[in-house]
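Below you'll find the structure, written out as C-alpha cells, and then a few comments.
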Amino acid sequence: MGAARTSRTPLPGIGVRYDLTTRDDRRLSVVAHRDGARTLGAYREDDPDACALSVQLTGAEAEAVAGALMPTHQSPSLLWTTELGLVAERVSLSSTSHWNGRLLGDTRMRTETGVSIVAVLRRADAIPSPGPGFRLAGGDTLIVIGTREGVDAAAGILGRE
C-alpha cells in the first residue's frame with residue numbers, strides 16, 4: 001500500500017477541484033465552488049472514473065464535515081490561537097443576516113466585544129483592514145481576532161438575523 005496522493009485542479013468560473021487517492025487506491029474528490037458550496041464525490045472501486053456518490057454541501061455543512069474529520073481541531077473556522085489567549089477565526093455572514101447591507105461600524109464590534117475584524121473575504125477577494133464605513137454583504141466571511149470570549153460574542157452578534 002502506498003501513501004495518499006492529492007492533486008488540485010482549477011475549474012475556471014466554478015472553483016477548485018481537489019482529488020485524493022487513498023493508500024488503497026480509492027478516489028475521492030471535493031469541488032470547492034466559488035460561492036462556498038462543496039460537492040463531495042466518491043468513485044467506484046472497480047471503476048475509478050465512475051462516480052458512486054455525489055453529495056452537494058453548503059459551506060456550513062462542509063465546515064461540519066471538516067470538524068468531524070478533524071475532531072482534535074477546536075473549530076473548523078479557527079485559524080490559529082496563541083499562548084496569550086488570542087484566537088483568529090472565520091465568522092460567516094448569512095444572506096439573511098441583520099447586518100447584510102449595513103456598515104461594519106454599525107455592529108459596534110470592537111466596543112461590544114473587544115475583537116478586531118482584520119479582513120473580509122468576499123467571493124474570491126480579500127479586503128484587508130475594513131474600516132467602519134465598509135458595507136457588509138451576505139456571504140462575507142470576516143476574519144476576527146480577539147479573546148475566545150470576544151470572538152464567540154462577535155459570532156453571536158454577526159449571527160443575528
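Letters for chains follow the order of the C-alpha cells (A, B, ...), residue numbers begin at 1 for each chain, and ligand numbers begin at 1 in the order shown.
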
Item checked: Picked from chain A by DSSP as helix (DSSP H, G or I), as a ChimeraX atom specification -> /A:59-69,104-107,109-113,148-158

Item checked: Top pick for closest residue to Gly139 (chain A), considering A:Glu161, A:Asp35, A:Asp125, A:Asp24 and counting only C-alpha atoms ->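 The answer is A:Asp35, which sits nearest to Gly139 (chain A).
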
Next item on the list: Would you mind listing what lies within 10 Å of Ala4 (chain A) as an NGL selection string, with only C-alpha atoms counted and same-chain residues fewer than 5 positions away left out?
Entry: :A and (20-27)

Using N, CA and C atoms, can you write the selected residues to a file as an mmCIF file, in the first residue's frame?
```cif
data_model
loop_
_atom_site.group_PDB
_atom_site.id
_atom_site.type_symbol
_atom_site.label_atom_id
_atom_site.label_comp_id
_atom_site.auth_asym_id
_atom_site.auth_seq_id
_atom_site.Cartn_x
_atom_site.Cartn_y
_atom_site.Cartn_z
ATOM 1 N N LEU A 20 -8.211 13.128 -4.166
ATOM 2 C CA LEU A 20 -7.428 12.340 -3.225
ATOM 3 C C LEU A 20 -7.513 10.886 -3.651
ATOM 4 N N THR A 21 -6.366 10.242 -3.767
ATOM 5 C CA THR A 21 -6.313 8.809 -3.982
ATOM 6 C C THR A 21 -5.720 8.222 -2.712
ATOM 7 N N THR A 22 -6.481 7.357 -2.055
ATOM 8 C CA THR A 22 -6.051 6.796 -0.777
ATOM 9 C C THR A 22 -4.958 5.754 -0.985
ATOM 10 N N ARG A 23 -4.383 5.315 0.097
ATOM 11 C CA ARG A 23 -3.346 4.282 0.014
ATOM 12 C C ARG A 23 -3.902 2.978 -0.545
ATOM 13 N N ASP A 24 -5.247 2.810 -0.480
ATOM 14 C CA ASP A 24 -5.905 1.629 -1.041
ATOM 15 C C ASP A 24 -6.379 1.863 -2.475
ATOM 16 N N ASP A 25 -5.924 2.964 -3.097
ATOM 17 C CA ASP A 25 -6.297 3.341 -4.466
ATOM 18 C C ASP A 25 -7.777 3.658 -4.627
ATOM 19 N N ARG A 26 -8.428 4.144 -3.584
ATOM 20 C CA ARG A 26 -9.807 4.635 -3.686
ATOM 21 C C ARG A 26 -9.733 6.118 -4.004
ATOM 22 N N ARG A 27 -10.662 6.626 -4.846
ATOM 23 C CA ARG A 27 -10.642 8.024 -5.259
ATOM 24 C C ARG A 27 -11.785 8.797 -4.624
#
```

Margin query: Between A:Ala124, A:Leu84, A:Ile14, A:Val55, which residue has the minimum interatomic distance to Arg148 (chain A), considering only C-alpha atoms?
Written below: A:Leu84

Next item on the list: Using CA of Gly114 (chain A) and CA of Ala154 (chain A) as the two end points, give the distance in Å to one decimal.
Entry: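 These two atoms are separated by 8.9 Å.
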
Next item on the list: Assign secondary structure with DSSP using the backbone only, and return the residues of chain A in strand (DSSP E) as a ChimeraX atom specification.
Entry: /A:5-11,15-21,27-33,38-43,51-57,78-81,86-92,116-122,125-128,141-147

Next item on the list: To one decimal in Å, tell me the separation between CA of Gly36 (chain A) and CA of Pro130 (chain A).
Entry: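 CA of Gly36 (chain A) sits 21.1 Å away from CA of Pro130 (chain A).
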
Margin query: Neighbouring residues of His33 (chain A) were defined as those with any atom within 12 Å, considering only C-alpha atoms; residues of the same chain fewer than 2 positions away were excluded. Please report them as number ranges by chain.
Written below: A: 10-18, 30-31, 35-40, 56-59, 62, 123-124

Kindly save the residues from that selection, with N, CA and C atoms included, as a short mmCIF file (atom, residue, chain, number, x, y, z; two decimals), in the first residue's frame.
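As a result, out15.cif now contains:
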```
data_model
loop_
_atom_site.label_atom_id
_atom_site.label_comp_id
_atom_site.auth_asym_id
_atom_site.auth_seq_id
_atom_site.Cartn_x
_atom_site.Cartn_y
_atom_site.Cartn_z
N PRO A 10 -7.65 23.82 -10.91
CA PRO A 10 -8.53 24.98 -11.02
C PRO A 10 -9.65 24.70 -12.02
N LEU A 11 -10.86 25.12 -11.70
CA LEU A 11 -12.01 25.00 -12.60
C LEU A 11 -12.51 26.41 -12.88
N PRO A 12 -12.05 27.04 -13.96
CA PRO A 12 -12.40 28.43 -14.24
C PRO A 12 -13.91 28.68 -14.18
N GLY A 13 -14.28 29.71 -13.44
CA GLY A 13 -15.68 30.08 -13.30
C GLY A 13 -16.45 29.24 -12.30
N ILE A 14 -15.85 28.17 -11.80
CA ILE A 14 -16.53 27.27 -10.86
C ILE A 14 -15.85 27.29 -9.50
N GLY A 15 -14.55 27.03 -9.47
CA GLY A 15 -13.82 26.95 -8.22
C GLY A 15 -12.57 26.10 -8.40
N VAL A 16 -12.36 25.17 -7.47
CA VAL A 16 -11.18 24.31 -7.49
C VAL A 16 -11.61 22.89 -7.15
N ARG A 17 -11.06 21.93 -7.88
CA ARG A 17 -11.32 20.52 -7.60
C ARG A 17 -10.09 19.94 -6.91
N TYR A 18 -10.33 19.25 -5.79
CA TYR A 18 -9.28 18.56 -5.06
C TYR A 18 -9.54 17.07 -5.18
N VAL A 30 -13.34 16.68 -4.03
CA VAL A 30 -14.12 17.78 -3.49
C VAL A 30 -13.99 18.93 -4.48
N VAL A 31 -15.14 19.43 -4.92
CA VAL A 31 -15.14 20.63 -5.73
C VAL A 31 -15.53 21.78 -4.81
N ASP A 35 -18.90 30.04 -4.59
CA ASP A 35 -19.93 30.57 -3.69
C ASP A 35 -19.87 29.95 -2.29
N GLY A 36 -18.88 29.09 -2.04
CA GLY A 36 -18.73 28.47 -0.73
C GLY A 36 -19.31 27.07 -0.65
N ALA A 37 -20.12 26.67 -1.61
CA ALA A 37 -20.68 25.32 -1.62
C ALA A 37 -19.57 24.31 -1.95
N ARG A 38 -19.83 23.06 -1.64
CA ARG A 38 -18.88 21.99 -1.92
C ARG A 38 -19.64 20.81 -2.53
N THR A 39 -18.97 20.10 -3.43
CA THR A 39 -19.50 18.84 -3.95
C THR A 39 -18.49 17.78 -3.60
N LEU A 40 -18.93 16.78 -2.84
CA LEU A 40 -18.09 15.68 -2.41
C LEU A 40 -18.40 14.49 -3.30
N GLN A 56 -23.97 17.22 -2.49
CA GLN A 56 -23.87 18.68 -2.51
C GLN A 56 -23.92 19.18 -1.06
N LEU A 57 -22.98 20.03 -0.67
CA LEU A 57 -22.92 20.56 0.69
C LEU A 57 -22.89 22.08 0.65
N THR A 58 -23.58 22.70 1.58
CA THR A 58 -23.44 24.15 1.76
C THR A 58 -22.10 24.40 2.45
N GLY A 59 -21.69 25.65 2.51
CA GLY A 59 -20.45 25.98 3.21
C GLY A 59 -20.50 25.53 4.66
N ALA A 62 -20.16 21.78 4.87
CA ALA A 62 -18.77 21.40 4.62
C ALA A 62 -17.91 21.64 5.86
N ARG A 123 -16.31 36.39 -1.90
CA ARG A 123 -16.09 35.57 -3.10
C ARG A 123 -14.61 35.20 -3.18
N ALA A 124 -13.93 35.61 -4.22
CA ALA A 124 -12.52 35.26 -4.38
C ALA A 124 -11.61 36.40 -3.94
#
```

Notebook entry, point to check: How many Å lie between CA of Val118 (chain A) and CA of Thr96 (chain A), rounded to one decimal?
Noted result: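 It comes out at 22.8 Å.
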
Check: So, counting only C-alpha atoms, which residue among A:Ala126, A:Val87, A:Ala66, A:Ala119 is closest to Val151 (chain A)?
Finding: A:Val87

Phe134 (chain A) environment, 9 Å, only C-alpha atoms, sequence neighbours closer than 3 positions dropped, as an mmCIF file with N, CA and C atoms, in the first residue's frame:
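For reference, part.cif as written:
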```
data_model
loop_
_atom_site.group_PDB
_atom_site.id
_atom_site.type_symbol
_atom_site.label_atom_id
_atom_site.label_comp_id
_atom_site.auth_asym_id
_atom_site.auth_seq_id
_atom_site.Cartn_x
_atom_site.Cartn_y
_atom_site.Cartn_z
ATOM 1 N N ARG A 102 -25.475 46.487 5.756
ATOM 2 C CA ARG A 102 -25.199 47.545 6.741
ATOM 3 C C ARG A 102 -23.702 47.780 6.864
ATOM 4 N N LEU A 103 -23.367 48.893 7.486
ATOM 5 C CA LEU A 103 -21.961 49.259 7.665
ATOM 6 C C LEU A 103 -21.341 48.475 8.812
ATOM 7 N N LEU A 104 -20.062 48.137 8.653
ATOM 8 C CA LEU A 104 -19.336 47.418 9.694
ATOM 9 C C LEU A 104 -19.375 48.194 11.009
ATOM 10 N N GLY A 105 -19.256 49.504 10.949
ATOM 11 C CA GLY A 105 -19.296 50.324 12.162
ATOM 12 C C GLY A 105 -20.606 50.214 12.921
ATOM 13 N N PRO A 130 -10.831 46.303 6.960
ATOM 14 C CA PRO A 130 -12.016 47.095 6.600
ATOM 15 C C PRO A 130 -12.321 48.123 7.685
ATOM 16 N N GLY A 131 -12.662 49.323 7.274
ATOM 17 C CA GLY A 131 -12.984 50.392 8.217
ATOM 18 C C GLY A 131 -14.460 50.392 8.572
#
```

Check: So, counting only C-alpha atoms, which residue among A:Val120, A:Ala52, A:Leu69, A:Leu142 is closest to Gly159 (chain A)?
Finding: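 Closest candidate: A:Leu142.
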